[in-house]
$ cat my_file-v9.cif   # mmCIF, C-alpha atoms
data_start
#
loop_
_atom_site.group_PDB
_atom_site.id
_atom_site.type_symbol
_atom_site.label_atom_id
_atom_site.label_comp_id
_atom_site.auth_asym_id
_atom_site.auth_seq_id
_atom_site.Cartn_x
_atom_site.Cartn_y
_atom_site.Cartn_z
ATOM 1 C CA MET F 475 114.733 134.655 77.154
ATOM 2 C CA LEU F 476 117.223 132.613 79.211
ATOM 3 C CA ARG F 477 117.125 135.173 82.025
ATOM 4 C CA SER F 478 113.324 135.092 82.055
ATOM 5 C CA SER F 479 113.306 131.282 82.096
ATOM 6 C CA SER F 480 115.781 131.179 84.978
ATOM 7 C CA ALA F 481 113.661 133.615 86.941
ATOM 8 C CA SER F 482 110.600 131.444 86.395
ATOM 9 C CA VAL F 483 112.392 128.327 87.592
ATOM 10 C CA LEU F 484 113.676 130.198 90.640
ATOM 11 C CA GLY F 485 110.161 131.353 91.400
ATOM 12 C CA LEU F 486 108.829 127.812 91.212
ATOM 13 C CA LEU F 487 111.538 126.558 93.543
ATOM 14 C CA ARG F 488 110.813 129.298 96.057
ATOM 15 C CA GLY F 489 107.115 128.489 95.888
ATOM 16 C CA ALA F 490 107.750 124.800 96.442
ATOM 17 C CA ALA F 491 109.960 125.519 99.432
ATOM 18 C CA ALA F 492 107.304 127.756 100.952
ATOM 19 C CA ALA F 493 104.542 125.202 100.401
ATOM 20 C CA CYS F 494 106.405 122.199 101.749
ATOM 21 C CA LYS F 495 107.789 121.873 105.266
ATOM 22 C CA ILE F 496 111.249 120.349 105.489
ATOM 23 C CA ARG F 497 111.884 118.289 108.572
ATOM 24 C CA ALA F 498 115.366 117.210 109.650
ATOM 25 C CA GLN F 499 116.025 114.133 111.753
ATOM 26 C CA PRO F 500 119.294 112.401 112.605
ATOM 27 C CA ASN F 501 120.615 110.962 109.327
ATOM 28 C CA LEU F 502 117.379 111.977 107.583
ATOM 29 C CA SER F 503 116.339 115.114 105.723
ATOM 30 C CA GLN F 504 112.964 114.723 104.105
ATOM 31 C CA VAL F 505 110.815 116.965 101.929
ATOM 32 C CA CYS F 506 107.136 116.355 102.574
ATOM 33 C CA SER F 507 104.663 116.353 99.710
ATOM 34 C CA PRO F 508 100.879 116.234 100.133
ATOM 35 C CA PHE F 509 100.837 113.519 97.468
ATOM 36 C CA ALA F 510 103.594 111.339 98.926
ATOM 37 C CA THR F 511 103.611 108.885 101.807
ATOM 38 C CA GLY F 512 106.536 110.706 103.436
ATOM 39 C CA PRO F 513 104.686 112.087 106.466
ATOM 40 C CA ARG F 514 103.598 108.575 107.450
ATOM 41 C CA GLN F 515 107.096 107.221 106.910
ATOM 42 C CA GLU F 516 108.666 109.676 109.354
ATOM 43 C CA ASP F 517 107.711 107.554 112.361
ATOM 44 C CA GLY F 518 108.431 104.321 110.499
ATOM 45 C CA THR F 519 104.947 102.852 110.923
ATOM 46 C CA PHE F 520 103.861 100.566 108.098
ATOM 47 C CA TYR F 521 101.431 97.720 107.463
ATOM 48 C CA GLU F 522 102.004 94.241 106.125
ATOM 49 C CA ILE F 523 99.114 92.917 104.066
ATOM 50 C CA ARG F 524 99.264 89.126 103.886
ATOM 51 C CA THR F 525 97.044 87.046 101.611
ATOM 52 C CA TYR F 526 96.736 83.265 101.816
ATOM 53 C CA ASP F 527 95.073 81.059 99.216
ATOM 54 C CA ILE F 528 93.459 78.123 101.015
ATOM 55 C CA LYS F 529 92.807 74.698 99.549
ATOM 56 C CA PRO F 530 89.161 74.274 98.464
ATOM 57 C CA GLY F 531 87.082 72.816 101.260
ATOM 58 C CA LYS F 532 89.671 73.655 103.927
ATOM 59 C CA ALA F 533 88.670 77.229 104.854
ATOM 60 C CA LYS F 534 86.756 76.108 107.960
ATOM 61 C CA ASP F 535 89.691 74.023 109.196
ATOM 62 C CA PHE F 536 92.068 76.908 108.505
ATOM 63 C CA LEU F 537 90.030 79.416 110.525
ATOM 64 C CA GLU F 538 89.576 77.001 113.420
ATOM 65 C CA LEU F 539 93.333 76.461 113.674
ATOM 66 C CA VAL F 540 94.106 80.186 113.530
ATOM 67 C CA SER F 541 91.386 80.953 116.083
ATOM 68 C CA ARG F 542 92.729 78.289 118.442
ATOM 69 C CA ASP F 543 96.236 79.718 118.668
ATOM 70 C CA ILE F 544 96.005 83.319 117.428
ATOM 71 C CA ASN F 545 96.956 84.665 120.871
ATOM 72 C CA ALA F 546 100.405 83.110 120.444
ATOM 73 C CA ARG F 547 100.829 85.273 117.348
ATOM 74 C CA LEU F 548 99.236 88.405 118.820
ATOM 75 C CA ALA F 549 101.751 88.374 121.656
ATOM 76 C CA HIS F 550 104.383 89.640 119.209
ATOM 77 C CA SER F 551 102.741 92.393 117.120
ATOM 78 C CA GLU F 552 99.461 94.172 116.486
ATOM 79 C CA MET F 553 96.942 92.734 114.067
ATOM 80 C CA ILE F 554 94.625 95.258 112.397
ATOM 81 C CA GLY F 555 92.192 92.758 110.950
ATOM 82 C CA PHE F 556 91.685 89.243 109.635
ATOM 83 C CA TRP F 557 89.110 88.416 106.961
ATOM 84 C CA THR F 558 88.028 85.723 104.530
ATOM 85 C CA ALA F 559 86.827 86.553 101.026
ATOM 86 C CA GLU F 560 83.125 86.102 100.344
ATOM 87 C CA LEU F 561 82.885 87.622 96.854
ATOM 88 C CA GLY F 562 85.497 88.656 94.289
ATOM 89 C CA ALA F 563 87.693 85.715 95.298
ATOM 90 C CA MET F 564 87.269 82.260 96.819
ATOM 91 C CA ASN F 565 89.185 80.337 99.459
ATOM 92 C CA LYS F 566 91.255 83.367 100.401
ATOM 93 C CA ALA F 567 92.229 84.834 103.793
ATOM 94 C CA LEU F 568 93.617 88.340 104.191
ATOM 95 C CA HIS F 569 95.181 89.837 107.303
ATOM 96 C CA ILE F 570 96.906 93.141 108.069
ATOM 97 C CA TRP F 571 99.657 93.643 110.669
ATOM 98 C CA LYS F 572 101.125 96.878 112.008
ATOM 99 C CA TYR F 573 104.853 97.455 112.590
ATOM 100 C CA ASP F 574 106.761 100.421 114.003
ATOM 101 C CA SER F 575 109.768 99.888 111.744
ATOM 102 C CA PHE F 576 111.524 97.276 109.650
ATOM 103 C CA ALA F 577 113.712 96.486 112.646
ATOM 104 C CA HIS F 578 110.533 95.831 114.617
ATOM 105 C CA ARG F 579 109.276 93.440 111.945
ATOM 106 C CA THR F 580 112.617 91.611 111.876
ATOM 107 C CA ALA F 581 112.535 91.193 115.650
ATOM 108 C CA VAL F 582 108.952 89.888 115.493
ATOM 109 C CA ARG F 583 109.780 87.361 112.781
ATOM 110 C CA LYS F 584 112.728 86.116 114.832
ATOM 111 C CA ALA F 585 110.590 85.814 117.958
ATOM 112 C CA LEU F 586 107.976 83.842 116.034
ATOM 113 C CA LEU F 587 110.620 81.362 114.928
ATOM 114 C CA ASP F 588 111.431 80.817 118.604
ATOM 115 C CA ASN F 589 107.775 80.481 119.581
ATOM 116 C CA LYS F 590 107.246 76.713 119.679
ATOM 117 C CA ARG F 591 103.478 76.961 120.063
ATOM 118 C CA TRP F 592 103.122 79.134 116.960
ATOM 119 C CA GLN F 593 105.527 76.982 114.966
ATOM 120 C CA GLU F 594 103.434 73.926 115.808
ATOM 121 C CA THR F 595 100.342 75.808 114.621
ATOM 122 C CA LEU F 596 102.073 76.735 111.369
ATOM 123 C CA SER F 597 102.978 73.094 110.772
ATOM 124 C CA GLU F 598 99.237 72.359 110.789
ATOM 125 C CA LEU F 599 98.226 75.459 108.821
ATOM 126 C CA LEU F 600 100.671 75.340 105.935
ATOM 127 C CA PRO F 601 99.374 72.056 104.429
ATOM 128 C CA LEU F 602 96.006 73.846 104.035
ATOM 129 C CA VAL F 603 97.546 76.742 102.074
ATOM 130 C CA THR F 604 98.389 76.729 98.373
ATOM 131 C CA LYS F 605 99.951 80.196 98.096
ATOM 132 C CA GLN F 606 101.081 83.110 100.272
ATOM 133 C CA HIS F 607 101.583 86.737 99.281
ATOM 134 C CA ALA F 608 102.859 89.682 101.340
ATOM 135 C CA GLU F 609 102.959 93.410 100.662
ATOM 136 C CA ILE F 610 104.341 96.296 102.684
ATOM 137 C CA ALA F 611 102.223 99.440 102.554
ATOM 138 C CA TYR F 612 101.911 102.848 104.212
ATOM 139 C CA LEU F 613 98.755 104.716 105.026
ATOM 140 C CA VAL F 614 98.583 107.702 102.707
ATOM 141 C CA PRO F 615 99.276 110.970 104.596
ATOM 142 C CA TRP F 616 95.706 112.256 104.349
ATOM 143 C CA CYS F 617 94.197 109.124 105.898
ATOM 144 C CA THR F 618 94.085 107.795 109.444
ATOM 145 C CA LEU F 619 93.003 104.270 110.272
ATOM 146 C CA GLY F 620 89.253 104.290 110.798
ATOM 147 C CA THR F 621 87.049 102.353 113.203
ATOM 148 C CA PRO F 622 83.742 100.795 112.173
ATOM 149 C CA PRO F 623 80.645 101.824 114.180
ATOM 150 C CA LYS F 624 79.618 98.197 114.651
ATOM 151 C CA GLN F 625 80.156 94.740 113.203
ATOM 152 C CA GLY F 626 79.693 94.517 109.455
ATOM 153 C CA VAL F 627 81.399 93.536 106.220
ATOM 154 C CA TYR F 628 84.340 95.046 104.379
ATOM 155 C CA GLU F 629 85.255 95.771 100.792
ATOM 156 C CA LEU F 630 88.892 95.878 99.742
ATOM 157 C CA VAL F 631 89.273 97.703 96.433
ATOM 158 C CA THR F 632 92.698 97.401 94.820
ATOM 159 C CA TYR F 633 93.736 99.975 92.228
ATOM 160 C CA GLN F 634 96.714 99.514 89.940
ATOM 161 C CA MET F 635 97.719 103.052 88.987
ATOM 162 C CA LYS F 636 99.966 104.216 86.169
ATOM 163 C CA PRO F 637 103.709 104.472 86.921
ATOM 164 C CA GLY F 638 104.674 107.817 88.385
ATOM 165 C CA GLY F 639 103.425 107.453 91.911
ATOM 166 C CA PRO F 640 101.217 109.776 93.968
ATOM 167 C CA ALA F 641 102.964 112.823 92.518
ATOM 168 C CA LEU F 642 101.175 111.946 89.268
ATOM 169 C CA TRP F 643 97.793 110.669 90.443
ATOM 170 C CA GLY F 644 97.611 111.490 94.173
ATOM 171 C CA ARG F 645 95.346 114.529 93.906
ATOM 172 C CA THR F 646 92.712 112.945 91.684
ATOM 173 C CA PHE F 647 92.759 109.721 93.694
ATOM 174 C CA LYS F 648 92.149 111.595 96.952
ATOM 175 C CA THR F 649 89.302 113.528 95.349
ATOM 176 C CA THR F 650 87.653 110.274 94.280
ATOM 177 C CA VAL F 651 87.924 108.715 97.743
ATOM 178 C CA ASP F 652 86.700 111.911 99.424
ATOM 179 C CA ALA F 653 83.703 112.095 97.088
ATOM 180 C CA HIS F 654 82.531 108.691 98.332
ATOM 181 C CA ALA F 655 83.460 109.075 102.009
ATOM 182 C CA SER F 656 82.124 112.610 102.539
ATOM 183 C CA LYS F 657 78.555 111.575 101.671
ATOM 184 C CA ASN F 658 78.725 108.403 103.791
ATOM 185 C CA TYR F 659 78.181 106.134 100.821
ATOM 186 C CA ALA F 660 80.693 103.958 102.653
ATOM 187 C CA LYS F 661 82.766 104.155 105.833
ATOM 188 C CA LEU F 662 86.445 104.616 104.996
ATOM 189 C CA ILE F 663 88.780 102.458 107.099
ATOM 190 C CA GLY F 664 92.123 102.966 105.367
ATOM 191 C CA VAL F 665 93.988 103.817 102.162
ATOM 192 C CA PHE F 666 97.252 101.893 101.776
ATOM 193 C CA HIS F 667 99.963 102.622 99.185
ATOM 194 C CA THR F 668 102.433 99.811 98.488
ATOM 195 C CA GLU F 669 106.130 100.101 99.218
ATOM 196 C CA TYR F 670 106.990 96.446 98.559
ATOM 197 C CA GLY F 671 104.938 94.348 96.170
ATOM 198 C CA LEU F 672 103.408 95.532 92.920
ATOM 199 C CA LEU F 673 104.275 99.227 92.903
ATOM 200 C CA ASN F 674 101.755 102.003 92.219
ATOM 201 C CA THR F 675 99.136 99.846 93.918
ATOM 202 C CA VAL F 676 96.607 101.383 96.294
ATOM 203 C CA HIS F 677 94.327 99.335 98.544
ATOM 204 C CA VAL F 678 91.211 101.084 99.853
ATOM 205 C CA LEU F 679 89.398 99.374 102.717
ATOM 206 C CA TRP F 680 85.715 100.268 103.231
ATOM 207 C CA TRP F 681 83.187 99.168 105.867
ATOM 208 C CA TYR F 682 79.462 98.485 105.321
ATOM 209 C CA GLU F 683 76.724 97.319 107.628
ATOM 210 C CA ASP F 684 75.964 94.457 105.232
ATOM 211 C CA PRO F 685 76.256 93.608 101.508
ATOM 212 C CA ASP F 686 72.861 95.156 100.750
ATOM 213 C CA SER F 687 73.846 98.524 102.238
ATOM 214 C CA ARG F 688 76.942 98.384 100.080
ATOM 215 C CA ALA F 689 74.813 97.806 96.970
ATOM 216 C CA THR F 690 72.498 100.691 97.898
ATOM 217 C CA GLY F 691 75.346 103.097 98.620
ATOM 218 C CA ARG F 692 77.071 102.246 95.363
ATOM 219 C CA HIS F 693 73.864 102.789 93.386
ATOM 220 C CA ILE F 694 73.302 106.224 94.929
ATOM 221 C CA ALA F 695 76.963 107.194 94.482
ATOM 222 C CA HIS F 696 76.766 106.501 90.762
ATOM 223 C CA GLU F 697 74.034 109.138 90.516
ATOM 224 C CA ASP F 698 76.084 111.747 92.415
ATOM 225 C CA ALA F 699 77.542 114.278 89.966
ATOM 226 C CA ARG F 700 80.528 114.949 92.235
ATOM 227 C CA VAL F 701 81.429 111.249 92.396
ATOM 228 C CA VAL F 702 80.994 110.797 88.649
ATOM 229 C CA ALA F 703 83.226 113.802 87.884
ATOM 230 C CA ALA F 704 85.932 112.637 90.299
ATOM 231 C CA VAL F 705 85.958 109.109 88.875
ATOM 232 C CA ARG F 706 86.149 110.390 85.303
ATOM 233 C CA GLU F 707 89.161 112.521 86.164
ATOM 234 C CA ASN F 708 90.934 109.762 88.065
ATOM 235 C CA VAL F 709 90.363 107.022 85.480
ATOM 236 C CA GLN F 710 92.997 108.519 83.168
ATOM 237 C CA PHE F 711 95.635 107.318 85.655
ATOM 238 C CA LEU F 712 94.096 103.893 86.264
ATOM 239 C CA GLU F 713 95.478 100.660 84.833
ATOM 240 C CA SER F 714 93.105 98.202 86.489
ATOM 241 C CA GLN F 715 91.058 97.597 89.619
ATOM 242 C CA GLN F 716 89.544 94.677 91.476
ATOM 243 C CA ASN F 717 87.658 94.153 94.698
ATOM 244 C CA MET F 718 86.734 91.590 97.337
ATOM 245 C CA LEU F 719 83.884 91.477 99.816
ATOM 246 C CA LEU F 720 85.484 90.433 103.113
ATOM 247 C CA ILE F 721 83.961 88.818 106.194
ATOM 248 C CA PRO F 722 85.822 89.482 109.469
ATOM 249 C CA ALA F 723 86.982 86.437 111.405
ATOM 250 C CA PRO F 724 85.611 86.087 114.966
ATOM 251 C CA PHE F 725 89.027 87.018 116.367
ATOM 252 C CA SER F 726 89.563 90.016 114.052
ATOM 253 C CA PRO F 727 90.044 93.388 115.823
ATOM 254 C CA LEU F 728 88.156 95.058 112.949
ATOM 255 C CA LYS F 729 84.688 93.490 112.883
#

$ encode --input "my_file-v9.cif" --output "structure tokens"
Amino acid sequence: MLRSSSASVLGLLRGAAAACKIRAQPNLSQVCSPFATGPRQEDGTFYEIRTYDIKPGKAKDFLELVSRDINARLAHSEMIGFWTAELGAMNKALHIWKYDSFAHRTAVRKALLDNKRWQETLSELLPLVTKQHAEIAYLVPWCTLGTPPKQGVYELVTYQMKPGGPALWGRTFKTTVDAHASKNYAKLIGVFHTEYGLLNTVHVLWWYEDPDSRATGRHIAHEDARVVAAVRENVQFLESQQNMLLIPAPFSPLK
């Protein structure tokens, strides 16, 4: 019995080695899993998702200040998008920034401290903000950052998954996203898995032409047997979910 069990374990290990490519880099040996974020982490690229709660009645002032001096900030790193919440939250701004590495982010933060123009802007912005929150996230390995066909609105759906990471729920989660995206019920922009922040959190960013097209697509999707089956399978790993309808700022790269 022990010999048979050992042979089975050895077979599993051989199968895993054959199915997963091992890449060696200086000071780094990494096993890549289709359910992990490893392949995206190899080049160090990650995204910082920043959320600001704005004082009631001050959203217009906040956007005008950011719009006035955003080029001073953009000189230091790439912004993916900047939005304000229309539904699902109030008085909230969300923006996503891209970094090549943590060293890159550190250098950018230092440069911003030395940027007098941006520091002056912050001194005007911060009194309008009640709370700030930042997360570090990677694009999941089966997703590339999408581009909308034209200006529209966005939906950010945040899933809190059960502890265990993508190795536990990655396959069913991908199936659920694919079921929606493959039929063009919505345009997928990105799927982000947190590295810093509340762990086992996945943010899915969708694009729609307008809120009504979102409502129509969602209604049709709920009648699609493939979508229903995928959601039912994935829900066993789900703790909670929430969403926001987002309006891109005039200066947002994603519109």

$ closest_residue --input "my_file-v9.cif" --among "F:Lys729, F:His677, F:Lys605, F:Arg591" --to "Glu522 (chain F)" --atoms "only C-alpha atoms"
F:His677

$ closest_atom_pairs --input "my_file-v9.cif" --of "region 638-724 of chain F" --to "region 551-560 of chain F" --cutoff "10 Å" --atoms "all atoms listed in the file" --output "JSON lines"
{"residue": "F:Asn717", "atom": "CA", "partner": "F:Ala559", "partner_atom": "CA", "distance": 9.9}
{"residue": "F:Met718", "atom": "CA", "partner": "F:Ala559", "partner_atom": "CA", "distance": 6.2}
{"residue": "F:Leu719", "atom": "CA", "partner": "F:Glu560", "partner_atom": "CA", "distance": 5.5}
{"residue": "F:Leu720", "atom": "CA", "partner": "F:Ala559", "partner_atom": "CA", "distance": 4.6}
{"residue": "F:Ile721", "atom": "CA", "partner": "F:Trp557", "partner_atom": "CA", "distance": 5.2}
{"residue": "F:Pro722", "atom": "CA", "partner": "F:Trp557", "partner_atom": "CA", "distance": 4.3}
{"residue": "F:Ala723", "atom": "CA", "partner": "F:Trp557", "partner_atom": "CA", "distance": 5.3}
{"residue": "F:Pro724", "atom": "CA", "partner": "F:Phe556", "partner_atom": "CA", "distance": 8.7}

$ closest_residue --input "my_file-v9.cif" --among "F:Val651, F:Ala608, F:Ala577, F:Leu539" --to "Leu596 (chain F)" --atoms "only C-alpha atoms"
F:Leu539

$ atom_distance --input "my_file-v9.cif" --atom1 "CA of Leu679 (chain F)" --atom2 "CA of Phe666 (chain F)"
8.3 Å

$ closest_residue --input "my_file-v9.cif" --among "F:Ala653, F:Leu537, F:Leu662, F:Tyr521" --to "His578 (chain F)" --atoms "all atoms listed in the file"
F:Tyr521

$ axis_aligned_box --input "my_file-v9.cif" --around "region 662-671 of chain F" --padding-each-side "3 Å" --output "lines of an AutoDock Vina configuration file"
center_x = 96.7
center_y = 99.5
center_z = 101.6
size_x = 26.5
size_y = 16.3
size_z = 16.9

$ resolve_selection --input "my_file-v9.cif" --expression "the PyMOL selection byres ((chain F and resi 681) around 12)" --output "count of residues only"
38

$ residues_near_point --input "my_file-v9.cif" --point "(102.5, 77.1, 112.8)" --cutoff "12 Å" --atoms "all atoms listed in the file" --output "PDB file with C-alpha atoms, in the coordinates of the input"
ATOM      1  CA  PHE F 536      92.068  76.908 108.505  1.00  0.00           C
ATOM      2  CA  LEU F 539      93.333  76.461 113.674  1.00  0.00           C
ATOM      3  CA  VAL F 540      94.106  80.186 113.530  1.00  0.00           C
ATOM      4  CA  ARG F 542      92.729  78.289 118.442  1.00  0.00           C
ATOM      5  CA  ASP F 543      96.236  79.718 118.668  1.00  0.00           C
ATOM      6  CA  ILE F 544      96.005  83.319 117.428  1.00  0.00           C
ATOM      7  CA  ALA F 546     100.405  83.110 120.444  1.00  0.00           C
ATOM      8  CA  ARG F 547     100.829  85.273 117.348  1.00  0.00           C
ATOM      9  CA  LEU F 586     107.976  83.842 116.034  1.00  0.00           C
ATOM     10  CA  LEU F 587     110.620  81.362 114.928  1.00  0.00           C
ATOM     11  CA  ASP F 588     111.431  80.817 118.604  1.00  0.00           C
ATOM     12  CA  ASN F 589     107.775  80.481 119.581  1.00  0.00           C
ATOM     13  CA  LYS F 590     107.246  76.713 119.679  1.00  0.00           C
ATOM     14  CA  ARG F 591     103.478  76.961 120.063  1.00  0.00           C
ATOM     15  CA  TRP F 592     103.122  79.134 116.960  1.00  0.00           C
ATOM     16  CA  GLN F 593     105.527  76.982 114.966  1.00  0.00           C
ATOM     17  CA  GLU F 594     103.434  73.926 115.808  1.00  0.00           C
ATOM     18  CA  THR F 595     100.342  75.808 114.621  1.00  0.00           C
ATOM     19  CA  LEU F 596     102.073  76.735 111.369  1.00  0.00           C
ATOM     20  CA  SER F 597     102.978  73.094 110.772  1.00  0.00           C
ATOM     21  CA  GLU F 598      99.237  72.359 110.789  1.00  0.00           C
ATOM     22  CA  LEU F 599      98.226  75.459 108.821  1.00  0.00           C
ATOM     23  CA  LEU F 600     100.671  75.340 105.935  1.00  0.00           C
ATOM     24  CA  PRO F 601      99.374  72.056 104.429  1.00  0.00           C
ATOM     25  CA  LEU F 602      96.006  73.846 104.035  1.00  0.00           C
ATOM     26  CA  VAL F 603      97.546  76.742 102.074  1.00  0.00           C
TER      27      VAL F 603
END

$ atom_distance --input "my_file-v9.cif" --atom1 "CA of Leu613 (chain F)" --atom2 "CA of Val665 (chain F)"
5.6 Å
